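As stored in start29.txt (compact mmCIF, C-alpha atoms):
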# COMPACT_ATOMS: atom_id res chain seq x y z
CA MET W 637 26.57 16.50 -26.06
CA ALA W 638 25.36 15.08 -22.77
CA LEU W 639 22.44 16.60 -20.95
CA ARG W 640 22.82 18.06 -17.49
CA GLU W 641 22.33 15.64 -14.64
CA ASP W 642 19.20 15.45 -12.59
CA THR W 643 19.94 17.13 -9.25
CA ASP W 644 17.07 15.50 -7.38
CA PRO W 645 18.10 15.00 -3.71
CA LYS W 646 17.10 11.32 -3.57
CA LEU W 647 19.28 10.56 -6.58
CA ALA W 648 22.15 12.56 -5.09
CA GLU W 649 22.49 9.95 -2.34
CA TYR W 650 23.45 7.21 -4.78
CA ALA W 651 27.04 6.44 -5.72
CA HIS W 652 26.56 7.51 -9.37
CA PRO W 653 23.60 9.92 -9.37
CA GLY W 654 24.12 10.66 -13.06
CA ARG W 655 22.86 7.19 -13.94
CA LEU W 656 19.28 8.00 -12.94
CA VAL W 657 16.70 10.60 -13.82
CA THR W 658 13.33 11.33 -12.24
CA THR W 659 10.06 11.51 -14.13
CA GLU W 660 10.08 15.29 -13.51
CA TRP W 661 13.48 15.63 -15.14
CA LEU W 662 12.44 13.58 -18.14
CA ALA W 663 9.18 15.47 -18.60
CA ALA W 664 11.13 18.74 -18.55
CA ASN W 665 13.77 17.48 -20.98
CA LEU W 666 11.64 15.60 -23.53
CA GLY W 667 12.60 16.66 -27.01
CA ALA W 668 15.95 18.12 -25.94
CA ASP W 669 18.81 17.89 -28.40
CA GLY W 670 21.04 14.94 -27.66
CA LEU W 671 18.40 12.99 -25.70
CA VAL W 672 17.04 9.65 -26.86
CA VAL W 673 14.47 7.86 -24.70
CA VAL W 674 14.36 4.07 -25.07
CA GLU W 675 11.55 1.82 -23.85
CA SER W 676 12.50 -1.78 -23.15
CA ASP W 677 9.84 -4.13 -21.84
CA GLU W 678 9.20 -7.71 -21.05
CA ASP W 679 6.15 -7.56 -23.28
CA VAL W 680 7.10 -6.99 -26.91
CA LEU W 681 3.82 -5.19 -27.62
CA LEU W 682 3.56 -2.95 -24.57
CA TYR W 683 5.37 -0.03 -26.23
CA ASP W 684 2.89 -0.19 -29.10
CA THR W 685 -0.05 0.28 -26.73
CA GLY W 686 1.32 3.70 -25.76
CA HIS W 687 4.71 5.11 -24.75
CA ILE W 688 6.47 8.28 -23.66
CA PRO W 689 6.32 10.78 -26.54
CA GLY W 690 9.34 10.44 -28.79
CA ALA W 691 10.57 7.23 -27.17
CA VAL W 692 11.93 4.46 -29.39
CA LYS W 693 11.68 0.76 -28.62
CA VAL W 694 14.42 -1.79 -28.11
CA ASP W 695 13.27 -5.37 -27.67
CA TRP W 696 15.82 -7.57 -25.94
CA HIS W 697 14.64 -10.88 -27.42
CA THR W 698 14.59 -9.84 -31.02
CA GLU W 699 17.03 -6.92 -31.13
CA LEU W 700 19.74 -7.21 -28.47
CA ASN W 701 20.38 -10.90 -28.96
CA ASP W 702 22.09 -12.55 -31.88
CA PRO W 703 19.39 -14.61 -33.62
CA THR W 704 21.60 -17.67 -34.02
CA THR W 705 24.38 -17.87 -31.44
CA ARG W 706 23.44 -17.46 -27.79
CA ASP W 707 25.15 -14.09 -27.52
CA TYR W 708 24.52 -10.39 -27.88
CA VAL W 709 24.71 -8.45 -31.11
CA ASP W 710 28.21 -7.62 -32.28
CA GLY W 711 29.69 -4.17 -32.82
CA ALA W 712 28.23 -3.80 -36.31
CA GLY W 713 24.80 -4.96 -35.16
CA PHE W 714 24.86 -2.60 -32.21
CA ALA W 715 25.93 0.31 -34.42
CA GLN W 716 23.01 -0.37 -36.73
CA LEU W 717 20.54 -0.68 -33.85
CA CYS W 718 21.63 2.71 -32.50
CA ALA W 719 21.89 4.42 -35.89
CA GLU W 720 18.32 3.44 -36.79
CA ARG W 721 17.05 4.91 -33.54
CA GLY W 722 18.82 8.22 -33.87
CA ILE W 723 21.37 7.37 -31.16
CA THR W 724 24.87 8.76 -31.71
CA ARG W 725 27.85 7.99 -29.50
CA ASP W 726 27.25 11.36 -27.81
CA SER W 727 23.55 10.82 -27.11
CA THR W 728 22.19 10.78 -23.60
CA VAL W 729 20.13 7.58 -23.57
CA VAL W 730 17.42 7.25 -20.93
CA PHE W 731 15.96 3.76 -20.56
CA TYR W 732 12.63 2.92 -19.00
CA GLY W 733 10.32 -0.06 -19.03
CA ASP W 734 7.82 -2.29 -17.30
CA ARG W 735 8.31 -4.49 -14.25
CA ASN W 736 10.43 -2.19 -12.09
CA ASN W 737 12.73 -1.41 -15.02
CA TRP W 738 13.85 -5.02 -15.16
CA TRP W 739 14.33 -4.95 -18.96
CA ALA W 740 15.43 -1.33 -19.01
CA THR W 741 18.41 -2.15 -16.80
CA TYR W 742 19.10 -5.15 -19.00
CA ALA W 743 19.20 -2.94 -22.09
CA LEU W 744 21.40 -0.46 -20.24
CA TRP W 745 23.78 -3.29 -19.31
CA VAL W 746 24.00 -4.39 -22.95
CA PHE W 747 24.73 -0.78 -23.96
CA GLY W 748 27.43 -0.96 -21.30
CA LEU W 749 29.10 -3.86 -23.12
CA PHE W 750 29.73 -1.36 -25.90
CA GLY W 751 30.77 1.36 -23.48
CA HIS W 752 28.09 3.83 -24.51
CA PRO W 753 29.11 6.79 -22.36
CA ASP W 754 25.86 8.39 -21.18
CA VAL W 755 23.21 5.87 -20.19
CA ARG W 756 20.56 6.55 -17.53
CA ILE W 757 17.49 4.88 -16.06
CA LEU W 758 14.17 6.61 -15.51
CA ASP W 759 13.60 5.96 -11.79
CA GLY W 760 10.20 4.29 -11.45
CA GLY W 761 10.03 3.40 -15.13
CA ARG W 762 6.85 3.07 -17.08
CA ALA W 763 4.70 2.42 -14.02
CA LYS W 764 5.60 5.69 -12.30
CA TRP W 765 5.24 7.73 -15.49
CA ALA W 766 1.77 6.25 -16.02
CA ALA W 767 0.78 6.58 -12.35
CA GLU W 768 1.53 10.29 -12.55
CA ASP W 769 -0.78 10.58 -15.57
CA ARG W 770 2.00 11.88 -17.74
CA GLU W 771 1.58 12.00 -21.48
CA MET W 772 1.67 8.76 -23.48
CA THR W 773 1.24 8.36 -27.20
CA THR W 774 0.97 5.60 -29.78
CA GLU W 775 2.64 7.81 -32.36
CA GLN W 776 5.86 6.14 -33.51
CA PRO W 777 8.81 8.50 -33.88
CA LYS W 778 10.66 8.30 -37.16
CA PRO W 779 14.21 9.32 -36.30
CA ALA W 780 16.56 10.05 -39.17
CA THR W 781 19.29 7.44 -39.37
CA VAL W 782 22.52 8.70 -37.80
CA GLU W 783 26.10 7.50 -37.64
CA TYR W 784 27.15 5.25 -34.79
CA PRO W 785 30.72 3.89 -34.74
CA VAL W 786 31.38 0.14 -34.74
CA ILE W 787 32.68 -0.53 -31.24
CA GLU W 788 34.11 -3.87 -30.26
CA ARG W 789 32.06 -5.43 -27.47
CA ASP W 790 33.91 -5.63 -24.14
CA ASP W 791 33.04 -9.01 -22.62
CA ALA W 792 35.50 -8.80 -19.74
CA THR W 793 34.55 -5.85 -17.56
CA ILE W 794 30.87 -6.28 -16.69
CA ARG W 795 30.18 -9.71 -18.15
CA ALA W 796 31.18 -13.13 -16.78
CA PHE W 797 31.21 -16.46 -18.59
CA LYS W 798 30.93 -19.92 -17.04
CA ASP W 799 34.71 -20.38 -16.83
CA ASP W 800 35.02 -17.01 -15.10
CA VAL W 801 32.44 -18.14 -12.56
CA LEU W 802 34.28 -21.43 -11.96
CA ALA W 803 37.43 -19.41 -11.28
CA HIS W 804 35.42 -17.08 -9.07
CA LEU W 805 34.02 -19.79 -6.74
CA GLY W 806 34.67 -18.84 -3.13
CA GLN W 807 34.24 -15.12 -3.82
CA ALA W 808 31.14 -12.95 -3.59
CA MET W 809 28.18 -14.04 -5.66
CA VAL W 810 24.53 -13.03 -5.71
CA ASP W 811 21.72 -15.26 -6.95
CA VAL W 812 18.81 -12.93 -7.69
CA ARG W 813 16.18 -15.56 -8.52
CA SER W 814 13.20 -16.42 -6.34
CA PRO W 815 13.79 -18.47 -3.17
CA GLY W 816 12.24 -21.55 -4.80
CA GLU W 817 14.61 -21.38 -7.75
CA TYR W 818 17.54 -20.83 -5.39
CA SER W 819 16.81 -23.82 -3.19
CA GLY W 820 16.13 -26.05 -6.17
CA GLU W 821 12.50 -26.85 -5.38
CA LEU W 822 10.97 -26.96 -8.79
CA LEU W 823 8.04 -24.79 -9.55
CA HIS W 824 6.75 -26.97 -12.32
CA MET W 825 3.42 -28.68 -12.42
CA PRO W 826 2.82 -32.38 -13.16
CA ASP W 827 3.17 -33.01 -16.90
CA TYR W 828 4.83 -29.63 -17.42
CA PRO W 829 8.55 -30.12 -17.30
CA GLN W 830 10.51 -27.32 -15.73
CA GLU W 831 11.93 -25.38 -18.59
CA GLY W 832 15.49 -24.47 -19.11
CA ALA W 833 17.55 -26.52 -16.68
CA VAL W 834 18.02 -30.20 -15.89
CA ARG W 835 19.30 -29.49 -12.36
CA GLY W 836 17.91 -27.20 -9.68
CA GLY W 837 19.72 -25.29 -6.96
CA HIS W 838 22.35 -22.56 -6.89
CA ILE W 839 26.05 -21.96 -7.40
CA PRO W 840 27.94 -22.77 -4.16
CA GLY W 841 28.47 -19.75 -1.96
CA ALA W 842 25.96 -17.53 -3.73
CA ALA W 843 23.85 -15.27 -1.52
CA SER W 844 20.12 -15.29 -2.21
CA VAL W 845 18.80 -11.77 -2.82
CA PRO W 846 15.77 -11.76 -5.12
CA TRP W 847 16.25 -8.83 -7.50
CA ALA W 848 12.95 -7.09 -6.79
CA ARG W 849 13.94 -6.47 -3.17
CA ALA W 850 15.80 -3.46 -4.56
CA ALA W 851 12.57 -1.93 -5.88
CA ALA W 852 10.10 0.14 -3.89
CA GLU W 853 6.31 -0.10 -4.19
CA ASP W 854 6.17 2.64 -6.83
CA ALA W 855 8.79 0.84 -8.98
CA THR W 856 11.54 3.33 -8.09
CA PHE W 857 14.77 2.07 -6.58
CA LYS W 858 14.83 1.92 -2.81
CA SER W 859 16.82 4.62 -1.06
CA ARG W 860 20.56 4.18 -0.71
CA ALA W 861 20.19 3.46 3.01
CA ASP W 862 17.60 0.74 2.38
CA LEU W 863 19.77 -0.84 -0.31
CA GLU W 864 22.83 -0.78 1.94
CA ALA W 865 20.77 -2.50 4.64
CA ILE W 866 20.07 -5.37 2.25
CA TYR W 867 23.30 -5.88 0.35
CA GLN W 868 25.88 -4.66 2.83
CA GLN W 869 24.48 -5.13 6.32
CA GLU W 870 22.25 -8.17 5.80
CA GLN W 871 24.31 -10.00 3.16
CA GLY W 872 27.74 -8.82 4.22
CA LEU W 873 28.86 -7.65 0.81
CA SER W 874 31.40 -4.87 0.56
CA THR W 875 31.92 -2.29 -2.21
CA SER W 876 35.47 -3.56 -2.73
CA ASP W 877 34.27 -7.16 -3.31
CA ASP W 878 34.58 -8.75 -6.70
CA VAL W 879 30.93 -9.76 -7.26
CA VAL W 880 29.20 -11.98 -9.82
CA ALA W 881 25.41 -11.74 -10.15
CA TYR W 882 23.26 -14.26 -11.99
CA CYS W 883 19.67 -15.37 -12.48
CA ARG W 884 18.14 -17.60 -15.16
CA ILE W 885 19.28 -15.88 -18.34
CA GLY W 886 20.99 -12.76 -17.03
CA GLU W 887 18.10 -10.29 -17.20
CA ARG W 888 16.99 -10.04 -13.58
CA SER W 889 20.64 -9.98 -12.53
CA SER W 890 21.34 -6.94 -14.70
CA HIS W 891 18.93 -5.08 -12.42
CA THR W 892 21.02 -6.13 -9.41
CA TRP W 893 24.19 -5.33 -11.38
CA PHE W 894 22.85 -1.79 -11.84
CA VAL W 895 22.00 -1.46 -8.15
CA LEU W 896 25.38 -2.68 -6.93
CA THR W 897 27.43 -0.78 -9.51
CA HIS W 898 25.67 2.54 -9.89
CA LEU W 899 23.57 2.98 -6.78
CA LEU W 900 25.92 1.49 -4.19
CA GLY W 901 29.23 2.07 -5.95
CA PHE W 902 30.66 -1.44 -5.97
CA ASP W 903 33.95 -1.42 -7.89
CA LYS W 904 33.69 -4.70 -9.73
CA VAL W 905 30.39 -6.41 -10.51
CA ARG W 906 29.94 -8.77 -13.40
CA ASN W 907 26.70 -10.20 -14.73
CA TYR W 908 26.84 -13.91 -15.60
CA ASP W 909 24.35 -13.96 -18.46
CA GLY W 910 24.69 -17.71 -19.03
CA SER W 911 23.14 -17.93 -15.57
CA TRP W 912 21.10 -20.91 -14.43
CA THR W 913 20.06 -22.00 -17.92
CA GLU W 914 23.76 -22.67 -18.53
CA TRP W 915 24.96 -23.70 -15.06
CA GLY W 916 21.97 -25.96 -14.39
CA ASN W 917 22.66 -27.82 -17.62
CA ALA W 918 26.45 -27.92 -17.49
CA VAL W 919 28.19 -31.24 -16.77
CA ARG W 920 30.10 -31.58 -13.49
CA VAL W 921 29.76 -28.07 -12.17
CA PRO W 922 29.14 -27.85 -8.41
CA ILE W 923 25.58 -27.17 -7.26
CA VAL W 924 24.08 -26.63 -3.82
CA GLN W 925 20.45 -27.41 -3.08
CA GLY W 926 18.43 -26.05 -0.19
CA PRO W 927 18.30 -22.63 1.44
CA GLU W 928 21.93 -22.52 2.67
CA ARG W 929 24.66 -20.87 0.61
CA GLY W 930 26.94 -23.87 0.87
CA GLN W 931 30.67 -23.86 0.28
CA ALA W 932 32.59 -23.62 -2.92
CA MET G 43 -15.15 -17.70 -44.68
CA THR G 44 -16.41 -20.97 -45.99
CA GLY G 45 -17.46 -22.36 -42.62
CA GLU G 46 -18.39 -26.01 -42.54
CA GLU G 47 -16.85 -27.06 -45.80
CA SER G 48 -13.36 -26.02 -44.72
CA ALA G 49 -13.69 -27.50 -41.25
CA GLN G 50 -10.65 -29.65 -40.64
CA GLY G 51 -9.76 -28.90 -44.25
CA GLY G 52 -6.28 -30.29 -44.49
CA SER G 53 -4.77 -28.31 -41.61
CA GLY G 54 -6.46 -30.32 -38.87
CA LEU G 55 -7.54 -27.01 -37.33
CA PRO G 56 -11.05 -25.84 -36.47
CA PRO G 57 -12.25 -23.37 -39.13
CA GLN G 58 -11.84 -20.14 -37.14
CA LEU G 59 -8.37 -21.10 -36.05
CA ALA G 60 -7.43 -22.15 -39.58
CA GLU G 61 -8.59 -18.77 -40.84
CA LEU G 62 -6.54 -16.94 -38.21
CA VAL G 63 -3.44 -18.93 -39.09
CA GLU G 64 -3.99 -18.04 -42.73
CA ASP G 65 -4.42 -14.33 -41.94
CA PHE G 66 -1.19 -14.25 -39.96
CA ALA G 67 0.73 -16.21 -42.57
CA ASP G 68 -0.44 -13.83 -45.32
CA VAL G 69 1.34 -10.75 -43.94
CA GLY G 70 4.91 -9.79 -43.02
CA PRO G 71 6.39 -10.04 -39.49
CA LYS G 72 5.72 -6.37 -38.58
CA ASP G 73 2.06 -6.66 -39.57
CA ARG G 74 1.77 -9.90 -37.63
CA LEU G 75 2.79 -8.04 -34.51
CA GLN G 76 0.19 -5.38 -35.30
CA MET G 77 -2.47 -8.08 -35.76
CA LEU G 78 -1.52 -9.60 -32.43
CA LEU G 79 -1.89 -6.17 -30.82
CA GLU G 80 -5.36 -5.76 -32.33
CA MET G 81 -6.34 -9.21 -31.09
CA SER G 82 -5.11 -8.35 -27.60
CA ARG G 83 -7.67 -5.52 -27.53
CA GLU G 84 -10.46 -7.88 -28.51
CA LEU G 85 -10.03 -10.37 -25.69
CA PRO G 86 -13.46 -10.44 -24.03
CA PRO G 87 -13.66 -9.36 -20.40
CA LEU G 88 -14.05 -12.05 -17.79
CA PRO G 89 -17.67 -12.88 -16.90
CA GLN G 90 -18.60 -11.89 -13.38
CA ARG G 91 -18.69 -15.47 -12.10
CA TYR G 92 -14.94 -15.76 -12.77
CA ALA G 93 -14.06 -12.20 -11.91
CA ASP G 94 -15.46 -12.94 -8.46
CA ALA G 95 -13.67 -16.26 -8.14
CA ALA G 96 -10.22 -15.94 -9.64
CA ASP G 97 -8.99 -18.89 -7.57
CA THR G 98 -11.12 -21.28 -9.63
CA MET G 99 -9.02 -20.44 -12.69
CA GLU G 100 -5.80 -22.18 -13.68
CA GLN G 101 -2.63 -20.14 -13.94
CA VAL G 102 -0.44 -20.64 -16.99
CA HIS G 103 2.98 -20.35 -15.36
CA GLU G 104 4.80 -20.65 -18.66
CA CYS G 105 3.54 -17.26 -19.77
CA GLN G 106 5.88 -14.42 -18.93
CA SER G 107 3.01 -12.40 -17.55
CA PRO G 108 0.23 -13.67 -15.32
CA LEU G 109 -2.44 -15.45 -17.31
CA PHE G 110 -5.37 -17.35 -15.89
CA LEU G 111 -7.72 -19.51 -17.87
CA ALA G 112 -10.95 -21.40 -17.28
CA VAL G 113 -12.40 -24.11 -19.50
CA GLU G 114 -16.06 -25.13 -19.56
CA VAL G 115 -17.13 -28.23 -21.44
CA THR G 116 -20.86 -28.45 -22.16
CA ASP G 117 -22.65 -31.50 -20.70
CA ALA G 118 -23.22 -34.33 -23.15
CA ALA G 119 -26.94 -34.31 -22.26
CA GLU G 120 -27.20 -30.72 -23.40
CA ASP G 121 -25.12 -31.06 -26.57
CA PRO G 122 -23.53 -34.37 -27.59
CA ALA G 123 -20.74 -32.51 -29.43
CA ARG G 124 -19.78 -31.06 -26.05
CA PRO G 125 -18.69 -27.58 -27.18
CA VAL G 126 -15.88 -25.99 -25.20
CA HIS G 127 -15.96 -22.46 -23.80
CA LEU G 128 -12.83 -20.60 -22.82
CA PHE G 129 -12.27 -17.70 -20.43
CA PHE G 130 -9.04 -15.79 -19.98
CA SER G 131 -7.72 -13.18 -17.64
CA ALA G 132 -4.53 -11.23 -18.32
CA PRO G 133 -3.67 -7.65 -17.36
CA PRO G 134 -3.67 -4.82 -19.92
CA GLU G 135 0.07 -4.37 -19.41
CA ALA G 136 0.59 -7.83 -20.91
CA PRO G 137 -0.68 -7.28 -24.49
CA THR G 138 1.32 -10.16 -25.97
CA THR G 139 -0.13 -12.65 -23.52
CA ARG G 140 -3.59 -11.19 -24.12
CA GLY G 141 -3.03 -11.53 -27.86
CA PHE G 142 -2.15 -15.21 -27.47
CA ALA G 143 -5.24 -15.75 -25.32
CA SER G 144 -7.36 -13.96 -27.88
CA ILE G 145 -6.08 -16.27 -30.63
CA MET G 146 -7.17 -19.23 -28.51
CA HIS G 147 -10.53 -17.64 -27.83
CA VAL G 148 -11.33 -16.71 -31.42
CA GLY G 149 -9.96 -20.01 -32.72
CA LEU G 150 -11.35 -22.50 -30.24
CA ASP G 151 -14.27 -21.07 -28.26
CA GLY G 152 -17.48 -22.97 -29.07
CA GLU G 153 -15.67 -25.80 -30.86
CA PRO G 154 -16.55 -29.41 -30.00
CA ALA G 155 -14.29 -31.03 -27.41
CA ALA G 156 -12.97 -33.54 -29.96
CA GLU G 157 -11.91 -30.73 -32.32
CA VAL G 158 -10.07 -28.91 -29.56
CA LEU G 159 -8.24 -32.08 -28.59
CA ALA G 160 -7.28 -32.64 -32.23
CA VAL G 161 -5.48 -29.28 -32.62
CA PRO G 162 -1.82 -30.08 -33.26
CA ASP G 163 0.33 -29.03 -30.30
CA ASP G 164 2.61 -27.05 -32.57
CA PHE G 165 -0.11 -25.25 -34.53
CA TYR G 166 1.20 -21.87 -33.36
CA THR G 167 4.40 -22.23 -35.40
CA ALA G 168 2.23 -21.68 -38.48
CA LEU G 169 1.33 -18.19 -37.23
CA GLY G 170 4.87 -17.16 -38.12
CA LEU G 171 5.33 -15.12 -34.93
CA GLY G 172 8.71 -16.65 -34.05
CA ALA G 173 10.81 -13.89 -35.60
CA ALA G 174 8.67 -10.99 -34.36
CA VAL G 175 7.90 -12.24 -30.88
CA SER G 176 10.77 -14.70 -30.21
CA PRO G 177 10.43 -18.45 -29.71
CA LEU G 178 10.84 -18.09 -25.94
CA ARG G 179 7.71 -15.98 -25.64
CA LEU G 180 5.79 -18.35 -27.88
CA ARG G 181 6.18 -21.09 -25.30
CA GLY G 182 3.35 -19.42 -23.42
CA MET G 183 1.05 -20.19 -26.30
CA SER G 184 1.92 -23.89 -26.43
CA ALA G 185 1.48 -24.11 -22.65
CA MET G 186 -1.92 -22.47 -22.94
CA LEU G 187 -3.06 -25.05 -25.47
CA ALA G 188 -1.66 -27.93 -23.40
CA ARG G 189 -3.54 -26.76 -20.33
CA ILE G 190 -6.77 -26.23 -22.27
CA LYS G 191 -6.52 -29.73 -23.71
CA ASN G 192 -5.79 -31.21 -20.30
CA GLN G 193 -8.91 -29.65 -18.84
CA VAL G 194 -11.00 -30.77 -21.82
CA ARG G 195 -9.60 -34.28 -21.51
CA THR G 196 -10.37 -34.39 -17.80
CA ALA G 197 -13.92 -33.13 -18.34
CA THR G 198 -14.69 -35.53 -21.16
CA THR G 199 -13.27 -38.68 -19.57
CA ALA G 200 -14.79 -38.05 -16.14

Would you encode the structure as structure tokens?
Amino acid sequence: MALREDTDPKLAEYAHPGRLVTTEWLAANLGADGLVVVESDEDVLLYDTGHIPGAVKVDWHTELNDPTTRDYVDGAGFAQLCAERGITRDSTVVFYGDRNNWWATYALWVFGLFGHPDVRILDGGRAKWAAEDREMTTEQPKPATVEYPVIERDDATIRAFKDDVLAHLGQAMVDVRSPGEYSGELLHMPDYPQEGAVRGGHIPGAASVPWARAAAEDATFKSRADLEAIYQQEQGLSTSDDVVAYCRIGERSSHTWFVLTHLLGFDKVRNYDGSWTEWGNAVRVPIVQGPERGQA
Amino acid sequence: MTGEESAQGGSGLPPQLAELVEDFADVGPKDRLQMLLEMSRELPPLPQRYADAADTMEQVHECQSPLFLAVEVTDAAEDPARPVHLFFSAPPEAPTTRGFASIMHVGLDGEPAAEVLAVPDDFYTALGLGAAVSPLRLRGMSAMLARIKNQVRTATTA
């Protein structure tokens, strides 16, 4: 049973207002039947230092990824992860985390691969909750294990693989890494090899829009008008475009995927999770260096 | 702790670091994470002379969260063993990085320069944190050690 949507006026401006909740909404709904709050952070220990009461933790490194193959958990693994956290297929799952909800949107995107129906982001994430002096606890909830069905992962709708990106060249693409990563100037220091890729630069034609431009100072998402000014007016993207977003391993780009899909209402956005750690190591794929988009 | 007699005892690690590695190895992955959390709370605050001059510290870019470190090597005239002192700065919202820094501090602070340089670059694998923390995050720890050693090397060969 899904919880009622947050009717906050700022959220109402977005394309899919039901995908966000405010800190006020969450504070008022904590403990409600059918609600599971999930914290997902960059730092694997941050949840343990204190979290929203009742929230469970999902760690992307150790829990959303397959430990052997570079891939996400499969349907059975996902079912177990949810079941252990008290998440049923009907649960309203609200994600929040550190760093402007970077990892929270990543977790939400992975839940999206399994089509979990009701997933939402706490606007402002951990930082806003803490800044408002709302309650935090170190008490770990012990949810009773529930049933979650084994759902086959859908790798076609919101996920792109390298071959999909090769076929996509010439169409809309967003590189959400920092300008230095985009241009191919390496950020490494002498004696410290740049990790992860043997070539620097970006995929030809990709627009450079660092992911955090979508976040406001208080870690909430910028208003719809401000987001449209960036992605639509400045970058010339259109909601009917077929868009691929990528970064280094697909985490920062899931934030942009969320912004384009749910806040701006783009019809078709896929996250290329192989991202630069695959493309920058692949043999004979086209690469552009420097600040210009270049041509596919 | 048996102090001097176990120094360099087989593991090639300074005694405090060897003891830490043993403590981590003795417990299961969940408890290791808990130990790391406790260590993150014990990282000493930065002395004022660094707090006032953050730009004199070296950033460890390989860590996922901002970490700065400073290394002081005692003058040979003062102490021929040239003990090394370590200072770290990492924000409270980065407990894993603070935990790694705390391991370095407890394990290496006050050790002679030669002992620090002799720590195997892959010592951290023996902590058994790979499964609980993920290998990617552990790279921050190896980078920290590499940068500490580089500074010690520079100071002792100058």

Quick one: residues within 7 Å of stretch 109-117 of chain G, only C-alpha atoms, excluding same-chain residues fewer than 2 positions away - as an MDAnalysis selection string? chainID G and resid 99:102 105 107 119:121 124:132 190 193:194 197

Saved selection, atoms kept: C-alpha atoms, as a PDB file, keeping the file's coordinate frame:
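Here's the written file result12.pdb:
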ATOM      1  CA  MET G  99      -9.020 -20.440 -12.690  1.00  0.00           C
ATOM      2  CA  GLU G 100      -5.800 -22.180 -13.680  1.00  0.00           C
ATOM      3  CA  GLN G 101      -2.630 -20.140 -13.940  1.00  0.00           C
ATOM      4  CA  VAL G 102      -0.440 -20.640 -16.990  1.00  0.00           C
ATOM      5  CA  CYS G 105       3.540 -17.260 -19.770  1.00  0.00           C
ATOM      6  CA  SER G 107       3.010 -12.400 -17.550  1.00  0.00           C
ATOM      7  CA  ALA G 119     -26.940 -34.310 -22.260  1.00  0.00           C
ATOM      8  CA  GLU G 120     -27.200 -30.720 -23.400  1.00  0.00           C
ATOM      9  CA  ASP G 121     -25.120 -31.060 -26.570  1.00  0.00           C
ATOM     10  CA  ARG G 124     -19.780 -31.060 -26.050  1.00  0.00           C
ATOM     11  CA  PRO G 125     -18.690 -27.580 -27.180  1.00  0.00           C
ATOM     12  CA  VAL G 126     -15.880 -25.990 -25.200  1.00  0.00           C
ATOM     13  CA  HIS G 127     -15.960 -22.460 -23.800  1.00  0.00           C
ATOM     14  CA  LEU G 128     -12.830 -20.600 -22.820  1.00  0.00           C
ATOM     15  CA  PHE G 129     -12.270 -17.700 -20.430  1.00  0.00           C
ATOM     16  CA  PHE G 130      -9.040 -15.790 -19.980  1.00  0.00           C
ATOM     17  CA  SER G 131      -7.720 -13.180 -17.640  1.00  0.00           C
ATOM     18  CA  ALA G 132      -4.530 -11.230 -18.320  1.00  0.00           C
ATOM     19  CA  ILE G 190      -6.770 -26.230 -22.270  1.00  0.00           C
ATOM     20  CA  GLN G 193      -8.910 -29.650 -18.840  1.00  0.00           C
ATOM     21  CA  VAL G 194     -11.000 -30.770 -21.820  1.00  0.00           C
ATOM     22  CA  ALA G 197     -13.920 -33.130 -18.340  1.00  0.00           C
TER      23      ALA G 197
END

Students should find that atom CA of W:Gly751 and atom CA of W:Leu900 are spaced 19.9 Å

Report as a Markdown table: every residue of chain G with an atom at most 12 Å from chain W, its closest pair of atoms, and their distance in Å to one decimal, counting only C-alpha atoms, with rows sorted by chain and ascending residue number.
| residue | atom | partner | partner_atom | distance |
| --- | --- | --- | --- | --- |
| G:Pro71 | CA | W:Thr698 | CA | 11.8 |
| G:Lys72 | CA | W:Leu681 | CA | 11.2 |
| G:Arg74 | CA | W:Leu681 | CA | 11.3 |
| G:Leu75 | CA | W:Leu681 | CA | 7.5 |
| G:Gln76 | CA | W:Leu681 | CA | 8.5 |
| G:Met77 | CA | W:Leu681 | CA | 10.7 |
| G:Leu78 | CA | W:Leu681 | CA | 8.4 |
| G:Leu79 | CA | W:Leu681 | CA | 6.6 |
| G:Glu80 | CA | W:Thr685 | CA | 9.8 |
| G:Met81 | CA | W:Leu681 | CA | 11.5 |
| G:Ser82 | CA | W:Leu681 | CA | 9.5 |
| G:Arg83 | CA | W:Thr685 | CA | 9.6 |
| G:Glu100 | CA | W:Met825 | CA | 11.4 |
| G:Gln101 | CA | W:Met825 | CA | 10.6 |
| G:Val102 | CA | W:Met825 | CA | 10.0 |
| G:His103 | CA | W:His824 | CA | 8.2 |
| G:Glu104 | CA | W:Glu831 | CA | 8.6 |
| G:Cys105 | CA | W:Asp679 | CA | 10.6 |
| G:Gln106 | CA | W:Glu678 | CA | 7.8 |
| G:Ser107 | CA | W:Asp679 | CA | 8.1 |
| G:Pro108 | CA | W:Asp679 | CA | 11.7 |
| G:Pro133 | CA | W:Leu682 | CA | 11.2 |
| G:Pro134 | CA | W:Leu682 | CA | 8.8 |
| G:Glu135 | CA | W:Leu682 | CA | 6.4 |
| G:Ala136 | CA | W:Asp679 | CA | 6.1 |
| G:Pro137 | CA | W:Leu681 | CA | 5.9 |
| G:Thr138 | CA | W:Leu681 | CA | 5.8 |
| G:Thr139 | CA | W:Asp679 | CA | 8.1 |
| G:Arg140 | CA | W:Leu681 | CA | 10.2 |
| G:Gly141 | CA | W:Leu681 | CA | 9.3 |
| G:Phe142 | CA | W:Leu681 | CA | 11.7 |
| G:Leu171 | CA | W:Thr698 | CA | 11.4 |
| G:Gly172 | CA | W:Thr698 | CA | 9.5 |
| G:Ala173 | CA | W:Thr698 | CA | 7.2 |
| G:Ala174 | CA | W:Thr698 | CA | 6.9 |
| G:Val175 | CA | W:Val680 | CA | 6.6 |
| G:Ser176 | CA | W:His697 | CA | 6.1 |
| G:Pro177 | CA | W:His697 | CA | 9.0 |
| G:Leu178 | CA | W:His697 | CA | 8.3 |
| G:Arg179 | CA | W:His697 | CA | 8.8 |
| G:Leu180 | CA | W:Val680 | CA | 11.5 |
| G:Arg181 | CA | W:Glu831 | CA | 9.8 |
| G:Gly182 | CA | W:Glu831 | CA | 11.5 |
| G:Ser184 | CA | W:Tyr828 | CA | 11.1 |
| G:Ala185 | CA | W:Tyr828 | CA | 8.3 |
| G:Met186 | CA | W:Tyr828 | CA | 11.3 |
| G:Ala188 | CA | W:Tyr828 | CA | 9.0 |
| G:Arg189 | CA | W:Tyr828 | CA | 9.3 |
| G:Asn192 | CA | W:Asp827 | CA | 9.8 |
